[in-house]
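Reproduced below: run30.txt, with compact mmCIF, C-alpha atoms and all ligand atoms.
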# COMPACT_ATOMS: atom_id res chain seq x y z
CA MET A 1 105.97 78.96 122.15
CA LYS A 2 102.69 80.00 120.60
CA ILE A 3 99.09 80.51 121.66
CA GLU A 4 96.85 78.13 119.73
CA SER A 5 93.41 78.93 121.06
CA ILE A 6 91.56 81.30 123.38
CA LYS A 7 88.18 80.68 124.96
CA VAL A 8 86.59 83.28 127.18
CA LYS A 9 83.27 83.40 128.99
CA ASN A 10 81.62 86.42 130.59
CA PHE A 11 84.55 88.82 130.30
CA LYS A 12 83.01 92.13 129.18
CA ALA A 13 81.69 91.77 125.60
CA LEU A 14 83.33 88.34 125.30
CA GLN A 15 80.36 86.47 126.69
CA ASP A 16 81.03 83.24 124.84
CA PHE A 17 84.12 83.78 122.75
CA SER A 18 86.31 81.21 121.08
CA LEU A 19 89.17 81.49 118.62
CA GLU A 20 91.09 78.41 117.46
CA ASN A 21 94.06 77.75 115.17
CA ILE A 22 95.51 81.14 115.94
CA PRO A 23 98.32 82.05 113.52
CA SER A 24 101.56 83.63 114.71
CA LEU A 25 100.41 86.87 113.04
CA CYS A 26 96.72 87.51 113.59
CA LEU A 27 94.89 90.55 112.18
CA ILE A 28 91.55 91.46 113.74
CA VAL A 29 89.09 93.66 111.87
CA GLY A 30 86.04 95.05 113.61
CA SER A 31 83.84 98.11 113.77
CA ASN A 32 84.08 100.52 116.68
CA GLY A 33 82.97 98.87 119.89
CA SER A 34 83.14 95.37 118.40
CA GLY A 35 85.64 94.10 120.96
CA LYS A 36 89.16 94.41 119.51
CA THR A 37 90.65 96.12 122.55
CA THR A 38 88.73 93.74 124.82
CA ILE A 39 90.42 90.75 123.18
CA PHE A 40 93.82 92.33 123.85
CA ASP A 41 92.70 93.02 127.40
CA VAL A 42 92.31 89.29 128.05
CA PHE A 43 96.12 89.21 128.14
CA GLY A 44 96.23 92.53 129.98
CA PHE A 45 93.90 91.15 132.63
CA LEU A 46 95.94 87.97 133.09
CA LYS A 47 99.11 90.03 133.32
CA ASP A 48 97.57 92.26 136.01
CA CYS A 49 96.46 89.11 137.89
CA LEU A 50 100.07 87.90 137.80
CA THR A 51 101.68 91.22 138.63
CA PHE A 52 99.22 92.12 141.41
CA ASN A 53 96.28 89.84 142.17
CA VAL A 54 92.82 89.09 140.83
CA THR A 55 91.12 91.65 143.08
CA ARG A 56 93.29 94.45 141.83
CA ALA A 57 93.04 93.36 138.18
CA ILE A 58 89.24 93.45 138.50
CA GLN A 59 89.20 96.73 140.43
CA SER A 60 91.16 98.48 137.72
CA ARG A 61 88.44 97.39 135.27
CA GLY A 62 85.63 98.90 137.34
CA GLY A 63 84.89 95.93 139.63
CA PHE A 64 83.38 92.51 139.02
CA ASN A 65 79.90 93.77 138.17
CA GLU A 66 81.26 96.12 135.53
CA MET A 67 83.60 93.51 134.12
CA VAL A 68 81.29 90.50 133.94
CA SER A 69 79.29 90.43 130.71
CA ARG A 70 76.10 92.48 131.01
CA GLY A 71 73.15 90.26 131.85
CA GLN A 72 75.41 87.48 133.27
CA LYS A 73 75.86 88.85 136.79
CA ASP A 74 75.71 85.52 138.61
CA GLN A 75 78.03 83.74 136.20
CA ASP A 76 81.73 82.99 136.59
CA ILE A 77 84.31 84.64 134.36
CA THR A 78 86.43 81.98 132.68
CA PHE A 79 89.51 81.87 130.49
CA GLU A 80 90.95 78.89 128.67
CA ILE A 81 94.19 79.37 126.80
CA GLN A 82 95.99 76.66 124.88
CA TYR A 83 99.62 77.04 123.93
CA ARG A 84 102.19 74.88 122.29
CA MET A 85 105.58 74.38 123.85
CA GLU A 86 108.41 71.90 123.89
CA ILE A 87 108.52 69.56 126.88
CA THR A 88 111.02 66.68 126.96
CA GLY A 89 111.87 67.04 123.30
CA LYS A 90 108.28 67.05 122.06
CA GLU A 91 105.84 69.80 121.12
CA ARG A 92 102.90 69.59 123.50
CA LEU A 93 99.60 71.39 123.68
CA VAL A 94 99.20 72.82 127.19
CA THR A 95 95.87 74.13 128.47
CA TYR A 96 95.57 76.79 131.16
CA ILE A 97 92.13 77.30 132.72
CA LEU A 98 91.11 80.05 135.12
CA GLU A 99 87.62 80.47 136.61
CA ILE A 100 86.78 83.49 138.70
CA CYS A 101 83.65 83.78 140.84
CA LEU A 102 82.26 86.25 143.35
CA VAL A 103 81.80 85.11 146.97
CA ASP A 104 80.47 87.64 149.52
CA ASN A 105 81.22 90.32 147.00
CA LYS A 106 84.88 89.31 146.78
CA PRO A 107 86.46 87.84 143.66
CA CYS A 108 87.88 84.36 144.22
CA ILE A 109 89.68 81.87 142.03
CA LYS A 110 87.21 79.05 141.77
CA ARG A 111 89.51 76.83 139.73
CA GLU A 112 92.92 77.05 138.16
CA ILE A 113 94.26 74.19 136.07
CA LEU A 114 97.26 73.51 133.92
CA ARG A 115 97.10 70.30 131.95
CA TYR A 116 98.62 68.47 129.03
CA LYS A 117 98.87 64.98 127.66
CA ARG A 118 101.94 63.01 128.66
CA GLY A 119 101.50 60.36 126.01
CA ALA A 120 99.81 59.98 122.67
CA TYR A 121 96.78 58.39 124.32
CA GLY A 122 94.66 59.06 127.37
CA SER A 123 93.20 62.24 128.76
CA PRO A 124 95.33 65.26 129.62
CA PHE A 125 97.00 65.15 133.01
CA HIS A 126 96.54 67.99 135.53
CA PHE A 127 99.98 69.25 136.49
CA LEU A 128 98.53 72.02 138.54
CA ASP A 129 95.05 72.01 139.99
CA PHE A 130 93.78 74.54 142.51
CA SER A 131 90.33 75.28 143.80
CA MET A 132 89.36 78.02 146.27
CA GLY A 133 92.89 78.48 147.62
CA LYS A 134 93.93 74.83 147.88
CA GLY A 135 95.43 72.39 145.46
CA TYR A 136 98.53 70.68 144.21
CA ALA A 137 101.27 70.94 141.64
CA ILE A 138 103.36 68.14 140.23
CA THR A 139 107.04 68.63 141.04
CA ASN A 140 108.55 66.11 138.61
CA GLU A 141 106.42 66.79 135.54
CA GLU A 142 109.28 66.06 133.15
CA ASP A 143 109.84 62.60 134.53
CA PHE A 144 108.03 60.84 131.72
CA SER A 145 109.35 57.43 132.72
CA LYS A 146 106.93 57.37 135.64
CA PRO A 147 103.24 56.52 135.35
CA ASP A 148 100.80 59.30 136.27
CA GLU A 149 100.10 57.90 139.73
CA ASP A 150 103.80 57.95 140.70
CA LEU A 151 104.30 61.64 140.06
CA ASN A 152 105.08 63.81 143.11
CA ARG A 153 102.20 66.01 144.17
CA GLU A 154 103.06 69.00 146.28
CA GLU A 155 100.00 70.19 148.20
CA GLN A 156 99.87 73.97 148.50
CA LYS A 157 97.70 76.78 149.79
CA VAL A 158 97.36 80.16 148.09
CA SER A 159 95.18 83.15 148.93
CA LEU A 160 91.79 83.15 147.23
CA ASP A 161 92.69 85.86 144.75
CA ASN A 162 96.26 84.88 143.92
CA LEU A 163 97.11 82.76 140.90
CA ALA A 164 98.94 79.56 141.73
CA ILE A 165 101.11 80.08 138.62
CA LYS A 166 102.23 83.37 140.13
CA GLY A 167 104.20 81.58 142.84
CA LEU A 168 104.91 78.24 141.19
CA GLY A 169 105.67 79.78 137.81
CA GLN A 170 108.84 81.24 139.29
CA PHE A 171 110.39 77.81 139.60
CA GLN A 172 112.02 76.11 136.63
CA ARG A 173 110.83 72.69 137.76
CA PHE A 174 107.23 73.68 137.03
CA LYS A 175 108.09 74.01 133.38
CA ALA A 176 104.65 74.53 131.79
CA ALA A 177 103.61 77.00 134.50
CA ASN A 178 106.91 78.82 134.26
CA LYS A 179 106.62 79.24 130.50
CA PHE A 180 103.04 80.43 130.64
CA ARG A 181 103.96 82.95 133.30
CA GLU A 182 106.81 84.22 131.12
CA LEU A 183 104.52 84.50 128.12
CA ILE A 184 101.88 86.53 129.96
CA GLU A 185 104.43 88.67 131.78
CA GLY A 186 106.12 89.37 128.47
CA TRP A 187 102.85 90.52 126.90
CA HIS A 188 103.15 93.98 125.45
CA VAL A 189 100.53 96.20 123.91
CA SER A 190 101.59 99.00 121.63
CA ASP A 191 99.22 101.92 121.95
CA PHE A 192 101.39 104.53 120.38
CA HIS A 193 100.79 108.23 121.18
CA ILE A 194 102.69 110.59 118.94
CA ASN A 195 102.47 113.50 121.33
CA LEU A 196 104.07 111.46 124.11
CA ALA A 197 106.78 110.19 121.77
CA ARG A 198 107.76 113.68 120.66
CA GLY A 199 109.93 116.07 122.62
CA SER A 200 113.11 115.72 124.62
CA LYS A 201 113.32 113.08 127.34
CA ASP A 202 115.44 112.63 130.44
CA ALA A 203 118.69 111.18 129.07
CA ALA A 204 118.82 108.76 132.00
CA GLY A 205 115.51 107.13 130.97
CA PHE A 206 114.91 103.44 130.29
CA GLY A 207 115.74 102.47 126.70
CA ASP A 208 115.78 98.68 126.39
CA HIS A 209 112.34 98.29 124.82
CA LEU A 210 109.87 100.78 123.42
CA SER A 211 107.20 101.58 126.03
CA VAL A 212 103.45 101.06 125.50
CA THR A 213 102.89 104.68 124.44
CA GLY A 214 106.28 105.17 122.79
CA ASP A 215 107.24 107.87 125.29
CA ASN A 216 110.84 106.57 125.53
CA LEU A 217 111.44 106.68 121.77
CA GLN A 218 114.55 108.85 122.14
CA ASN A 219 116.05 106.56 124.80
CA VAL A 220 115.50 103.42 122.73
CA ALA A 221 116.95 105.08 119.64
CA ARG A 222 120.01 106.22 121.54
CA ASN A 223 120.51 102.79 123.10
CA LEU A 224 120.50 101.21 119.67
CA TYR A 225 122.64 103.96 118.14
CA ASP A 226 125.30 103.50 120.83
CA ASN A 227 125.22 99.71 121.10
CA ASP A 228 124.08 98.20 117.82
CA GLN A 229 125.06 100.30 114.80
CA VAL A 230 124.18 97.46 112.39
CA ARG A 231 120.58 97.34 113.53
CA PHE A 232 120.34 101.12 113.73
CA THR A 233 121.66 101.48 110.18
CA ALA A 234 119.16 98.89 108.92
CA ILE A 235 116.34 100.95 110.44
CA LEU A 236 117.73 104.16 108.97
CA GLU A 237 117.91 102.60 105.51
CA LYS A 238 114.25 101.62 105.75
CA MET A 239 113.34 105.12 106.89
CA LYS A 240 115.17 106.60 103.89
CA LYS A 241 113.15 104.42 101.53
CA ARG A 242 109.81 105.06 103.18
CA VAL A 243 109.95 108.71 104.17
CA PRO A 244 111.13 111.00 101.36
CA GLY A 245 113.97 113.30 102.32
CA ILE A 246 115.20 111.52 105.45
CA GLY A 247 119.00 111.39 105.38
CA ALA A 248 120.12 110.69 108.93
CA ILE A 249 118.71 110.35 112.44
CA THR A 250 120.95 111.13 115.38
CA PRO A 251 120.35 111.26 119.10
CA GLU A 252 121.71 114.29 120.90
CA ILE A 253 122.07 115.10 124.57
CA THR A 254 121.45 118.72 125.52
CA GLN A 255 123.42 120.55 128.16
CA ASP A 256 120.69 120.12 130.73
CA GLY A 257 120.75 116.31 130.42
CA ARG A 258 117.83 115.96 127.99
CA LEU A 259 117.84 113.63 125.04
CA LEU A 260 116.36 114.46 121.64
CA LEU A 261 116.49 113.12 118.11
CA LYS A 262 117.63 115.08 115.08
CA PHE A 263 116.20 114.21 111.69
CA GLN A 264 118.26 115.35 108.74
CA ASP A 265 116.23 116.29 105.69
CA GLY A 266 118.29 116.04 102.50
CA SER A 267 116.88 119.34 101.19
CA PHE A 268 118.10 121.49 104.10
CA LYS A 269 121.34 122.08 105.93
CA ASP A 270 119.88 122.19 109.45
CA PRO A 271 118.20 119.08 110.83
CA PHE A 272 114.76 119.09 112.43
CA ILE A 273 114.42 118.04 116.06
CA ASP A 274 111.81 115.35 116.74
CA ARG A 275 109.32 117.92 118.03
CA TYR A 276 108.98 119.31 114.48
CA VAL A 277 109.06 116.30 112.18
CA SER A 278 105.83 114.85 110.80
CA ASP A 279 103.53 112.46 112.69
CA GLY A 280 104.04 109.66 110.18
CA THR A 281 107.82 110.01 110.35
CA ILE A 282 107.77 109.60 114.12
CA LYS A 283 105.35 106.71 113.92
CA MET A 284 107.25 104.78 111.24
CA PHE A 285 110.48 105.23 113.20
CA ALA A 286 108.80 104.03 116.39
CA TYR A 287 107.44 100.88 114.69
CA LEU A 288 110.82 100.10 113.21
CA LEU A 289 112.43 100.40 116.64
CA LEU A 290 109.73 98.20 118.15
CA LEU A 291 109.90 95.55 115.43
CA HIS A 292 113.69 95.43 115.24
CA ASP A 293 114.02 94.81 118.97
CA SER A 294 116.71 92.16 119.41
CA ALA A 295 114.60 90.44 122.09
CA PRO A 296 111.02 90.28 120.74
CA PHE A 297 108.15 90.30 123.24
CA PRO A 298 106.64 86.80 123.25
CA LEU A 299 103.22 88.33 122.75
CA LEU A 300 102.78 91.69 121.04
CA CYS A 301 99.44 93.43 120.45
CA ILE A 302 99.30 96.47 118.19
CA GLU A 303 96.29 98.76 117.92
CA GLU A 304 95.53 100.19 114.48
CA PRO A 305 99.08 100.59 113.17
CA GLU A 306 97.78 102.22 109.97
CA ASN A 307 96.97 105.58 111.54
CA GLN A 308 99.19 108.38 110.15
CA LEU A 309 101.00 106.05 107.72
CA TYR A 310 100.96 106.31 103.96
CA PRO A 311 98.79 103.42 102.70
CA LYS A 312 101.39 102.00 100.32
CA LEU A 313 103.79 101.42 103.22
CA LEU A 314 101.40 99.13 105.06
CA GLY A 315 102.26 96.04 103.04
CA GLU A 316 105.90 96.39 104.05
CA LEU A 317 104.92 96.98 107.64
CA LEU A 318 102.87 93.79 107.60
CA GLU A 319 105.90 91.89 106.31
CA GLU A 320 107.83 93.24 109.31
CA PHE A 321 105.12 91.99 111.68
CA ARG A 322 105.53 88.57 110.06
CA ASP A 323 109.26 88.73 110.48
CA TYR A 324 108.84 89.61 114.14
CA ALA A 325 106.50 86.65 114.54
CA ARG A 326 109.05 84.41 112.85
CA ARG A 327 111.68 85.56 115.31
CA GLY A 328 109.56 84.28 118.17
CA GLY A 329 107.01 86.91 119.10
CA GLN A 330 103.35 86.20 118.37
CA VAL A 331 101.64 89.31 117.01
CA PHE A 332 98.00 90.41 117.22
CA VAL A 333 97.03 93.51 115.25
CA SER A 334 93.71 95.35 115.30
CA THR A 335 93.00 97.24 112.12
CA HIS A 336 90.53 99.25 110.05
CA SER A 337 92.78 99.38 107.02
CA PRO A 338 91.92 97.76 103.66
CA ASP A 339 95.50 98.39 102.52
CA LEU A 340 96.92 96.41 105.41
CA LEU A 341 94.40 93.62 104.77
CA ASN A 342 95.24 93.55 101.08
CA ALA A 343 98.74 92.44 102.02
CA ALA A 344 97.47 89.79 104.45
CA ARG A 345 97.10 86.04 103.93
CA LEU A 346 93.77 84.29 104.30
CA GLU A 347 94.74 82.43 107.48
CA GLU A 348 96.00 85.60 109.16
CA VAL A 349 92.68 87.46 109.13
CA CYS A 350 89.64 87.43 111.47
CA TRP A 351 86.72 89.76 111.79
CA LEU A 352 84.40 90.58 114.64
CA GLU A 353 80.65 90.68 114.69
CA LYS A 354 78.57 92.10 117.50
CA GLN A 355 75.41 90.07 118.12
CA ASN A 356 73.01 91.23 120.83
CA GLY A 357 75.81 93.15 122.52
CA TYR A 358 78.33 90.30 122.56
CA THR A 359 81.40 89.78 120.38
CA HIS A 360 81.73 86.89 117.94
CA ILE A 361 84.79 86.20 115.86
CA HIS A 362 85.05 84.75 112.35
CA ARG A 363 88.20 83.44 110.72
CA ALA A 364 88.44 84.42 107.07
CA ALA A 365 89.83 80.94 106.33
CA ASP A 366 86.62 79.36 107.66
CA ASP A 367 84.37 81.36 105.34
CA GLU A 368 83.88 79.40 102.16
CA GLN A 369 83.02 82.33 99.96
CA VAL A 370 85.95 84.46 101.15
CA ARG A 371 88.30 81.50 100.82
CA LYS A 372 87.16 80.88 97.27
CA TYR A 373 87.65 84.50 96.21
CA VAL A 374 91.11 84.64 97.77
CA GLU A 375 92.06 81.42 95.98
CA GLU A 376 90.96 83.09 92.75
CA GLY A 377 93.31 86.00 93.46
CA ASP A 378 91.09 88.52 95.25
CA LYS A 379 92.54 90.50 98.11
CA LEU A 380 91.13 90.56 101.60
CA GLY A 381 90.92 94.35 101.93
CA TYR A 382 88.78 94.60 98.78
CA LEU A 383 86.59 91.72 99.89
CA TRP A 384 86.01 93.41 103.23
CA LYS A 385 85.16 96.71 101.50
CA GLU A 386 82.77 94.88 99.17
CA GLY A 387 80.90 93.55 102.21
CA PHE A 388 82.02 89.92 102.13
CA PHE A 389 82.96 89.88 105.83
CA ALA A 390 79.43 88.99 106.92
CA GLY A 391 78.36 90.90 110.03
CA ALA A 392 81.52 93.02 110.25
CA ASP A 393 79.97 96.31 109.16
CA PRO A 394 77.76 98.32 111.53
CA GLN A 395 74.09 97.73 110.72
N1 LIG B 401 80.62 94.09 130.95
C1 LIG B 401 80.36 94.26 129.66
N2 LIG B 401 79.41 93.51 129.04
C2 LIG B 401 79.12 93.67 127.72
N3 LIG B 401 79.73 94.58 126.95
C3 LIG B 401 80.67 95.35 127.52
C4 LIG B 401 81.04 95.22 128.88
N4 LIG B 401 82.01 96.14 129.16
C5 LIG B 401 82.23 96.81 128.00
N5 LIG B 401 81.42 96.35 127.02
C6 LIG B 401 81.33 96.81 125.62
O1 LIG B 401 82.29 96.12 124.87
C7 LIG B 401 82.47 96.79 123.64
C8 LIG B 401 83.82 96.52 123.08
O2 LIG B 401 84.73 97.56 123.32
P1 LIG B 401 86.18 97.60 122.71
O3 LIG B 401 86.84 98.76 123.36
O4 LIG B 401 86.84 96.28 122.86
O5 LIG B 401 85.90 97.87 121.17
P2 LIG B 401 86.92 98.10 119.97
O6 LIG B 401 86.62 97.09 118.93
O7 LIG B 401 88.30 98.17 120.48
O8 LIG B 401 86.45 99.51 119.40
P3 LIG B 401 87.27 100.77 118.79
O9 LIG B 401 87.49 100.49 117.35
O10 LIG B 401 86.32 101.88 118.98
O11 LIG B 401 88.52 100.93 119.58
C9 LIG B 401 82.07 98.24 123.92
O12 LIG B 401 80.98 98.52 123.10
C10 LIG B 401 81.67 98.25 125.38
O13 LIG B 401 80.57 99.06 125.62
MG MG B 402 89.67 99.70 120.64
Conversion result in structure tokens:
Amino acid sequence: MKIESIKVKNFKALQDFSLENIPSLCLIVGSNGSGKTTIFDVFGFLKDCLTFNVTRAIQSRGGFNEMVSRGQKDQDITFEIQYRMEITGKERLVTYILEICLVDNKPCIKREILRYKRGAYGSPFHFLDFSMGKGYAITNEEDFSKPDEDLNREEQKVSLDNLAIKGLGQFQRFKAANKFRELIEGWHVSDFHINLARGSKDAAGFGDHLSVTGDNLQNVARNLYDNDQVRFTAILEKMKKRVPGIGAITPEITQDGRLLLKFQDGSFKDPFIDRYVSDGTIKMFAYLLLLHDSAPFPLLCIEEPENQLYPKLLGELLEEFRDYARRGGQVFVSTHSPDLLNAARLEEVCWLEKQNGYTHIHRAADDEQVRKYVEEGDKLGYLWKEGFFAGADPQ
């Protein structure tokens, strides 16, 4: 399952934003304040709507008036996401639409639609269609033998600020809704904080997946060390190649039930505990744990992975993002790094331009000049530095 396009209206700086043909690894370049984090927050917002409700998702972003694009106070906030998934043996393009308005100062779901084409011809069919708390969902959507008018409609009521896919998406029979719900719920942003990752942790902590900030690094490492030596060894081998001196990494539980990591440096007899190894060492190890996860997040966003890492390692890191995407997780990366871009392919790169306060996105593949240079062998990081990403640099 993969997101193909995103259209957003009136969500913070994304006043009229559209990105199509999204690759499974998408790198986004943009100056400070250009909207990179806001693009990631489209998924964060939808996830909060699913986990809580629309009111709470908006409240945690400062309220409707703060969230709606400046100068568009009376407008609705809308999201349209297209994703590809298999339904009855065929890849289909499913569209999810959400429109949020303000009534008596309360956010309401004005419209929520899930639609896709059942056949090669005709317009897409609405499998879920709700408006101001009322609507229907089709209960036998996979019964393709039936004409549209014979499908079973289940009329439903939901509260004005609750997504219909929140309830219906729990049921397998609403396949497209269920999958979309899983995709958004499985969204993960990596906003790694070295200081939170360092230091001993409660040995009883959660260690299945690396957390947003990386503050359960020791627990994840220990989980892998105890349960999947093959994967752990593969990570260690990569660490040895990328960080000079690293010989071994071992988790250790202290007498008071804390968990820490010991990094063996080939030059010394005594290992260093994680509190005292370098920032880049911790960060590289954290990325390897994240990217070697046996169950990839379906949607992974990573903010500026280049920080603290030696530039020559970024090409290899990019290859690991690609691998992760191949294994089923779609990856969005925000970056300011020419070295990372130099390793990227034309169709993987976009850049942001701020025009009159609003964010616009350009795909490198759609820019004729950039395309031509890349075809002639130029690298994207150099082209960006030379100013060929029109509008990307601050004026
Ligand atoms: N309601 C709104 N309407 C218009 N613009 C907004 C709104 N809310 C926030 N902004 C602006 O959106 C911009 C984008 O911020 P964002 O955090 O996404 O940038 P960024 O590209 O991640 O920057 P950085 O590289 O500094 O992290 C900011 O300049 C912010 O002031
Ligand atoms: Mg940001």
Q: Within 12 Å of Val243 in chain A, counting all atoms listed in the file, which residues show up once you throw out same-chain ones fewer than 6 positions away? Write them as a PyMOL selection string, please.
A: chain A and resi 235-237+263-266+277-285+309-310+312-313
Output C-alpha atoms for every residue in that selection, as a CSV table (one decimal), keeping the file's coordinate frame.
chain,number,residue,atom,x,y,z
A,235,ILE,CA,116.3,101.0,110.4
A,236,LEU,CA,117.7,104.2,109.0
A,237,GLU,CA,117.9,102.6,105.5
A,263,PHE,CA,116.2,114.2,111.7
A,264,GLN,CA,118.3,115.4,108.7
A,265,ASP,CA,116.2,116.3,105.7
A,266,GLY,CA,118.3,116.0,102.5
A,277,VAL,CA,109.1,116.3,112.2
A,278,SER,CA,105.8,114.8,110.8
A,279,ASP,CA,103.5,112.5,112.7
A,280,GLY,CA,104.0,109.7,110.2
A,281,THR,CA,107.8,110.0,110.4
A,282,ILE,CA,107.8,109.6,114.1
A,283,LYS,CA,105.4,106.7,113.9
A,284,MET,CA,107.2,104.8,111.2
A,285,PHE,CA,110.5,105.2,113.2
A,309,LEU,CA,101.0,106.0,107.7
A,310,TYR,CA,101.0,106.3,104.0
A,312,LYS,CA,101.4,102.0,100.3
A,313,LEU,CA,103.8,101.4,103.2
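Our summary of the geometry notes that CA of Gln369 in chain A is positioned 27.5 Å from atom O10 of ligand LIG 401 (chain B).
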Q: State, in Å with one decimal place, the distance from CA of Gly391 in chain A to CA of Thr359 in chain A.
A: 10.8 Å
Q: For each of A:Met85, A:Leu196, A:Val42, A:Met239, take the minimum atom-to-atom distance to ligand LIG 401 (chain B), counting only C-alpha atoms and all ligand atoms, then give the residue where this is smallest.
A: A:Val42
Q | Spatial neighbours of Val333 in chain A, 8 Å, only C-alpha atoms, chain gap at least 3 places, as a ChimeraX atom specification | A | /A:25-28,301-305
Store the residues picked out above, limited to C-alpha atoms, as a short mmCIF file (atom, residue, chain, number, x, y, z; two decimals), keeping the file's coordinate frame.
data_model
loop_
_atom_site.label_atom_id
_atom_site.label_comp_id
_atom_site.auth_asym_id
_atom_site.auth_seq_id
_atom_site.Cartn_x
_atom_site.Cartn_y
_atom_site.Cartn_z
CA LEU A 25 100.41 86.87 113.04
CA CYS A 26 96.72 87.51 113.59
CA LEU A 27 94.89 90.55 112.18
CA ILE A 28 91.55 91.46 113.74
CA CYS A 301 99.44 93.43 120.45
CA ILE A 302 99.30 96.47 118.19
CA GLU A 303 96.29 98.76 117.92
CA GLU A 304 95.53 100.19 114.48
CA PRO A 305 99.08 100.59 113.17
#
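Put simply, CA of Asn342 in chain A is 21.7 Å away from atom O10 of ligand LIG 401 (chain B).
Comparing the minimum interatomic distances between Phe332 in chain A and each of A:Lys179, A:Lys379, A:His292, A:Lys36, counting only C-alpha atoms, we find that A:Lys36 sits nearest.
With all atoms listed in the file as the atoms that count, the minimum distance from Arg115 in chain A to the choices A:Glu154, A:Asp161, A:Glu80, A:Glu20 is reached by A:Glu80.
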**Q.** Environment of ligand LIG 401 (chain B) within 7 Å, counting only C-alpha atoms and all ligand atoms, reported as a VMD selection string
**A.** chain A and resid 11 to 13 30 to 39 66 to 70 357 to 358
Write the residues you've just listed into a file as a PDB file, in the coordinates of the input, and include C-alpha atoms for each of them.
ATOM      1  CA  PHE A  11      84.550  88.820 130.300  1.00  0.00           C
ATOM      2  CA  LYS A  12      83.010  92.130 129.180  1.00  0.00           C
ATOM      3  CA  ALA A  13      81.690  91.770 125.600  1.00  0.00           C
ATOM      4  CA  GLY A  30      86.040  95.050 113.610  1.00  0.00           C
ATOM      5  CA  SER A  31      83.840  98.110 113.770  1.00  0.00           C
ATOM      6  CA  ASN A  32      84.080 100.520 116.680  1.00  0.00           C
ATOM      7  CA  GLY A  33      82.970  98.870 119.890  1.00  0.00           C
ATOM      8  CA  SER A  34      83.140  95.370 118.400  1.00  0.00           C
ATOM      9  CA  GLY A  35      85.640  94.100 120.960  1.00  0.00           C
ATOM     10  CA  LYS A  36      89.160  94.410 119.510  1.00  0.00           C
ATOM     11  CA  THR A  37      90.650  96.120 122.550  1.00  0.00           C
ATOM     12  CA  THR A  38      88.730  93.740 124.820  1.00  0.00           C
ATOM     13  CA  ILE A  39      90.420  90.750 123.180  1.00  0.00           C
ATOM     14  CA  GLU A  66      81.260  96.120 135.530  1.00  0.00           C
ATOM     15  CA  MET A  67      83.600  93.510 134.120  1.00  0.00           C
ATOM     16  CA  VAL A  68      81.290  90.500 133.940  1.00  0.00           C
ATOM     17  CA  SER A  69      79.290  90.430 130.710  1.00  0.00           C
ATOM     18  CA  ARG A  70      76.100  92.480 131.010  1.00  0.00           C
ATOM     19  CA  GLY A 357      75.810  93.150 122.520  1.00  0.00           C
ATOM     20  CA  TYR A 358      78.330  90.300 122.560  1.00  0.00           C
TER      21      TYR A 358
END
Quick one: axis-aligned box around all listed atoms of range 81-85 of chain A, 4 Å on every side, centre and edge lengths in Å to one decimal, written as JSON.
{"center_x": 99.9, "center_y": 76.9, "center_z": 124.5, "size_x": 19.4, "size_y": 13.0, "size_z": 12.5}
Q: Would you list the contacts of range 256-262 of chain A as a PyMOL selection string, taking every protein, DNA or RNA residue within 6 Å and counting all atoms listed in the file, but skipping same-chain residues closer than 3 positions in sequence?
A: chain A and resi 200-203+218+249-253+271-274
